[in-house]
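Coordinates as given in start29.cif (mmCIF, C-alpha atoms and all ligand atoms):
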```cif
data_protein
loop_
_atom_site.label_atom_id
_atom_site.label_comp_id
_atom_site.auth_asym_id
_atom_site.auth_seq_id
_atom_site.Cartn_x
_atom_site.Cartn_y
_atom_site.Cartn_z
CA MET A 1 104.22 82.44 85.01
CA SER A 2 107.44 82.06 83.04
CA ALA A 3 110.70 83.19 84.62
CA ASP A 4 111.20 86.20 82.38
CA GLN A 5 107.61 87.47 82.67
CA ILE A 6 107.12 90.94 84.15
CA SER A 7 104.22 91.27 86.59
CA VAL A 8 102.47 94.56 87.30
CA LEU A 9 99.72 95.31 89.82
CA PHE A 10 97.91 98.66 89.51
CA VAL A 11 96.55 99.86 92.85
CA CYS A 12 93.98 102.50 93.85
CA LEU A 13 91.48 102.82 96.69
CA GLY A 14 88.32 101.10 95.47
CA ASN A 15 89.63 99.17 92.43
CA ILE A 16 86.64 100.32 90.40
CA CYS A 17 87.71 103.66 88.84
CA ARG A 18 91.43 104.37 88.34
CA SER A 19 93.29 101.07 88.62
CA PRO A 20 90.89 99.09 86.35
CA LEU A 21 91.37 101.84 83.76
CA ALA A 22 95.15 101.66 84.20
CA GLN A 23 95.01 97.88 83.87
CA GLY A 24 92.87 98.05 80.71
CA VAL A 25 94.94 100.76 79.03
CA PHE A 26 98.25 99.06 79.88
CA GLU A 27 96.96 95.69 78.65
CA HIS A 28 95.82 97.36 75.42
CA LEU A 29 99.25 98.91 74.88
CA VAL A 30 100.99 95.59 75.58
CA ARG A 31 98.65 93.83 73.12
CA GLU A 32 99.23 96.47 70.42
CA ARG A 33 102.96 95.85 70.67
CA GLY A 34 102.56 92.06 70.61
CA LEU A 35 104.07 91.74 74.08
CA GLU A 36 101.29 89.82 75.88
CA PRO A 37 103.39 86.74 76.69
CA ARG A 38 105.89 88.92 78.52
CA PHE A 39 103.45 90.41 81.02
CA ARG A 40 101.10 89.50 83.84
CA ILE A 41 98.83 92.49 84.57
CA ALA A 42 96.20 92.95 87.29
CA SER A 43 94.73 95.60 89.60
CA ALA A 44 93.60 95.82 93.21
CA GLY A 45 92.26 98.29 95.77
CA THR A 46 93.46 99.08 99.26
CA GLY A 47 89.79 99.17 100.36
CA HIS A 48 87.34 96.28 100.55
CA TRP A 49 84.01 97.97 99.71
CA HIS A 50 83.68 96.92 96.08
CA ILE A 51 85.18 93.41 96.08
CA GLY A 52 83.81 91.36 93.19
CA ARG A 53 82.29 94.33 91.34
CA PRO A 54 82.99 95.34 87.74
CA PRO A 55 84.62 98.72 87.09
CA ASP A 56 82.57 101.89 87.54
CA PRO A 57 80.37 102.51 84.46
CA ARG A 58 82.10 105.87 83.94
CA SER A 59 85.51 104.15 83.67
CA CYS A 60 84.01 101.59 81.29
CA ALA A 61 82.49 104.39 79.18
CA VAL A 62 85.70 106.36 78.72
CA ALA A 63 87.60 103.15 77.96
CA THR A 64 84.98 102.11 75.38
CA ARG A 65 85.25 105.50 73.67
CA HIS A 66 88.92 104.68 73.14
CA GLY A 67 88.28 101.12 71.92
CA ILE A 68 89.18 99.40 75.20
CA THR A 69 86.99 96.95 77.15
CA LEU A 70 87.53 96.72 80.91
CA ARG A 71 87.17 93.17 82.22
CA SER A 72 88.53 93.30 85.78
CA ARG A 73 86.59 92.53 88.96
CA ALA A 74 87.50 94.42 92.11
CA GLN A 75 89.76 92.75 94.62
CA GLN A 76 91.44 94.02 97.76
CA ILE A 77 95.20 94.06 98.09
CA ASP A 78 96.36 90.93 99.89
CA PRO A 79 99.92 91.13 101.21
CA ALA A 80 100.28 87.33 101.34
CA THR A 81 99.56 86.87 97.63
CA HIS A 82 100.37 90.23 96.04
CA PHE A 83 103.68 91.03 97.76
CA ASP A 84 105.28 87.64 98.43
CA ASP A 85 107.79 86.48 95.80
CA HIS A 86 107.14 82.84 96.63
CA SER A 87 103.39 82.89 96.08
CA GLY A 88 102.96 84.83 92.87
CA GLY A 89 103.66 88.31 94.20
CA PHE A 90 104.02 91.15 91.71
CA HIS A 91 107.33 92.64 90.58
CA TRP A 92 105.82 96.12 90.33
CA LEU A 93 103.17 97.66 92.58
CA ILE A 94 101.98 100.80 90.83
CA ALA A 95 100.03 103.21 93.06
CA MET A 96 97.61 105.76 91.59
CA ASP A 97 98.21 108.27 94.40
CA ARG A 98 100.35 108.88 97.46
CA ALA A 99 97.70 107.58 99.87
CA ASN A 100 97.54 104.28 97.94
CA ARG A 101 101.33 104.09 98.03
CA ASP A 102 101.52 104.79 101.76
CA ASP A 103 98.70 102.33 102.50
CA MET A 104 100.54 99.58 100.61
CA LEU A 105 103.78 100.34 102.42
CA SER A 106 102.00 100.27 105.78
CA VAL A 107 100.84 96.70 105.16
CA GLY A 108 104.29 95.50 104.17
CA ALA A 109 104.74 96.15 100.45
CA PRO A 110 108.44 95.98 99.52
CA ALA A 111 109.37 99.66 99.02
CA PRO A 112 111.62 99.26 95.94
CA ARG A 113 108.73 97.72 94.01
CA VAL A 114 106.21 100.41 94.94
CA ARG A 115 106.02 103.38 92.56
CA LEU A 116 103.66 106.21 91.77
CA PHE A 117 102.15 105.64 88.33
CA ARG A 118 102.66 109.22 87.15
CA SER A 119 106.37 109.11 88.00
CA PHE A 120 106.65 107.26 84.66
CA ASP A 121 104.75 109.90 82.67
CA PRO A 122 107.18 111.18 80.00
CA ASP A 123 105.26 114.47 79.88
CA LEU A 124 106.30 115.14 83.49
CA ALA A 125 109.99 114.33 83.00
CA GLY A 126 112.23 117.17 84.13
CA ARG A 127 109.48 118.67 86.29
CA PRO A 128 110.45 117.72 89.85
CA ASP A 129 107.57 119.67 91.38
CA ALA A 130 104.91 118.04 89.16
CA GLU A 131 101.76 116.66 90.77
CA LEU A 132 102.13 112.87 90.72
CA ASP A 133 98.71 111.78 92.02
CA VAL A 134 96.06 110.48 89.65
CA PRO A 135 93.06 112.27 91.19
CA ASP A 136 90.20 110.15 92.49
CA PRO A 137 87.27 110.77 90.09
CA TYR A 138 84.67 108.78 92.07
CA TYR A 139 82.74 111.68 93.59
CA GLY A 140 83.04 114.00 90.58
CA GLY A 141 81.47 114.24 87.14
CA PRO A 142 82.23 112.39 83.91
CA GLU A 143 84.85 114.95 82.81
CA GLY A 144 87.03 113.71 85.68
CA PHE A 145 87.19 110.33 83.98
CA ASP A 146 88.41 111.89 80.71
CA HIS A 147 91.11 113.66 82.67
CA VAL A 148 92.12 110.41 84.41
CA PHE A 149 92.13 108.57 81.07
CA ALA A 150 94.58 111.07 79.54
CA MET A 151 96.91 110.72 82.54
CA VAL A 152 96.66 106.94 82.49
CA ARG A 153 97.42 106.74 78.78
CA SER A 154 100.50 108.92 79.05
CA ALA A 155 101.84 107.19 82.18
CA SER A 156 101.20 103.73 80.67
CA ALA A 157 103.42 104.45 77.69
CA GLY A 158 106.24 105.61 79.97
CA LEU A 159 105.77 102.67 82.33
CA LEU A 160 105.92 100.15 79.49
CA ASP A 161 109.17 101.65 78.17
CA HIS A 162 110.64 101.59 81.67
CA LEU A 163 109.70 97.97 82.36
CA LEU A 164 111.09 96.73 79.07
CA LYS A 165 114.42 98.29 80.06
CA ASN A 166 114.12 97.41 83.78
CA PRO A 167 112.08 94.22 84.18
CA ARG A 168 112.81 94.02 87.91
CA ALA A 169 112.75 96.77 90.52
CA MET A 170 115.73 95.26 92.33
P1 LIG B 1 89.11 104.31 92.80
O1 LIG B 1 87.89 105.30 93.17
O2 LIG B 1 90.00 104.26 94.04
O3 LIG B 1 89.78 104.99 91.66
O4 LIG B 1 88.50 102.98 92.46
C1 LIG B 1 87.08 105.10 94.28
C2 LIG B 1 86.04 104.21 94.24
C3 LIG B 1 85.22 104.03 95.32
C4 LIG B 1 85.44 104.79 96.48
C5 LIG B 1 86.49 105.68 96.52
C6 LIG B 1 87.31 105.84 95.43
N1 LIG B 1 84.58 104.63 97.60
O5 LIG B 1 84.74 105.38 98.58
O6 LIG B 1 83.71 103.76 97.59
#
```
Structure rendered as structure tokens:
Amino acid sequence: MSADQISVLFVCLGNICRSPLAQGVFEHLVRERGLEPRFRIASAGTGHWHIGRPPDPRSCAVATRHGITLRSRAQQIDPATHFDDHSGGFHWLIAMDRANRDDMLSVGAPAPRVRLFRSFDPDLAGRPDAELDVPDPYYGGPEGFDHVFAMVRSASAGLLDHLLKNPRAM
């Protein structure tokens, strides 16, 4: 990784629904703007159940409808590699919901680098009481994945703008 590269890890519970979609949408946006060399992008889950699996078919389907292919394989968050500056840790740890955020913090994630994804959503700016969780769509129907996709797309645009202006959290 080059010194001026910005690294972003999207984090949810299972790493098969929300964070792979966030990873794919953010990668797509970065590619569209010709910014690939500037970023390292990945995703992980706080849980271990789906390690090694491809994203949920419903996440793949909504991504495909928007011209995006999801290529990640589920991994569990690993404090030693994902948080540590000296072994390739990520500059930004972007949680899909408050439970994911709190779980990361409880296993030692550096607080200044941990953010809720929707806190970057420009549509929510100026609304301090806005709901900032990306809801877990796993146990619901396909419409939940469309809803998550819309949130992820909007938050990704705001996150990219923020990171270009603020490459490091601290
Ligand atoms: P994700 O959704 O956190 O968005 O990947 C889930 C996937 C699997 C489970 C829960 C949430 N699960 O309990 O297996």
Closest pair table for stretch 96-157 of chain A residues within 9 Å of stretch 36-53 of chain A, all atoms listed in the file, as a tab-separated table:
```
residue	atom	partner	partner_atom	distance
A:Asn100	CA	A:Thr46	CA	6.7
A:Asp103	CA	A:Thr46	CA	7.0
A:Met104	CA	A:Thr46	CA	7.2
```
Practice item. Residues up to 9 Å from ligand LIG 1 (chain B), counting only C-alpha atoms and all ligand atoms: could you list those as a ChimeraX atom specification? Key: /A:11-21,44-50,55-56,74,96,100,134-139
**Study point:** Distance query stretch 152-169 of chain A at most 9 Å, all atoms listed in the file, self and fewer than 6 positions along chain excluded, as a list in words
**Key:**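 The neighbour list is Asp4, Gln5, Ile6, Ser7, Arg18, Leu21, Ala22, Val25, Phe26, Leu29, Val30, His91, Trp92, Pro112, Arg113, Val114, Phe117, Arg118, Ser119, Phe120, Asp121, Pro122, Asp123 and Val134 of chain A.
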Check your understanding: For A:Pro142, which residue out of A:Arg127, A:Pro57, A:His28, A:Gly34 is the nearest one, using only C-alpha atoms?
Key -> A:Pro57
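Atom CA of A:Gly144 lies 25.5 Å from atom CA of A:Gly126.
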Point to revise | Of the listed residues A:Met151, A:Ile77, A:Ile94, A:Leu124, that which approaches A:Ala111 most closely, counting all atoms listed in the file | key: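 Checking each candidate against A:Ala111, we get A:Ile94 as the closest.
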**Study point:** Straight-line distance linking atom CA of A:Gln23 with atom CA of A:Arg98, stated in Å to one decimal
**Key:**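 We find that atom CA of A:Gln23 and atom CA of A:Arg98 lie 18.3 Å from each other.
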Point to revise | Counting only C-alpha atoms, the option among A:Cys60, A:Ile68, A:Ala80, A:Leu132 closest to A:Gly108 | key: A:Ala80
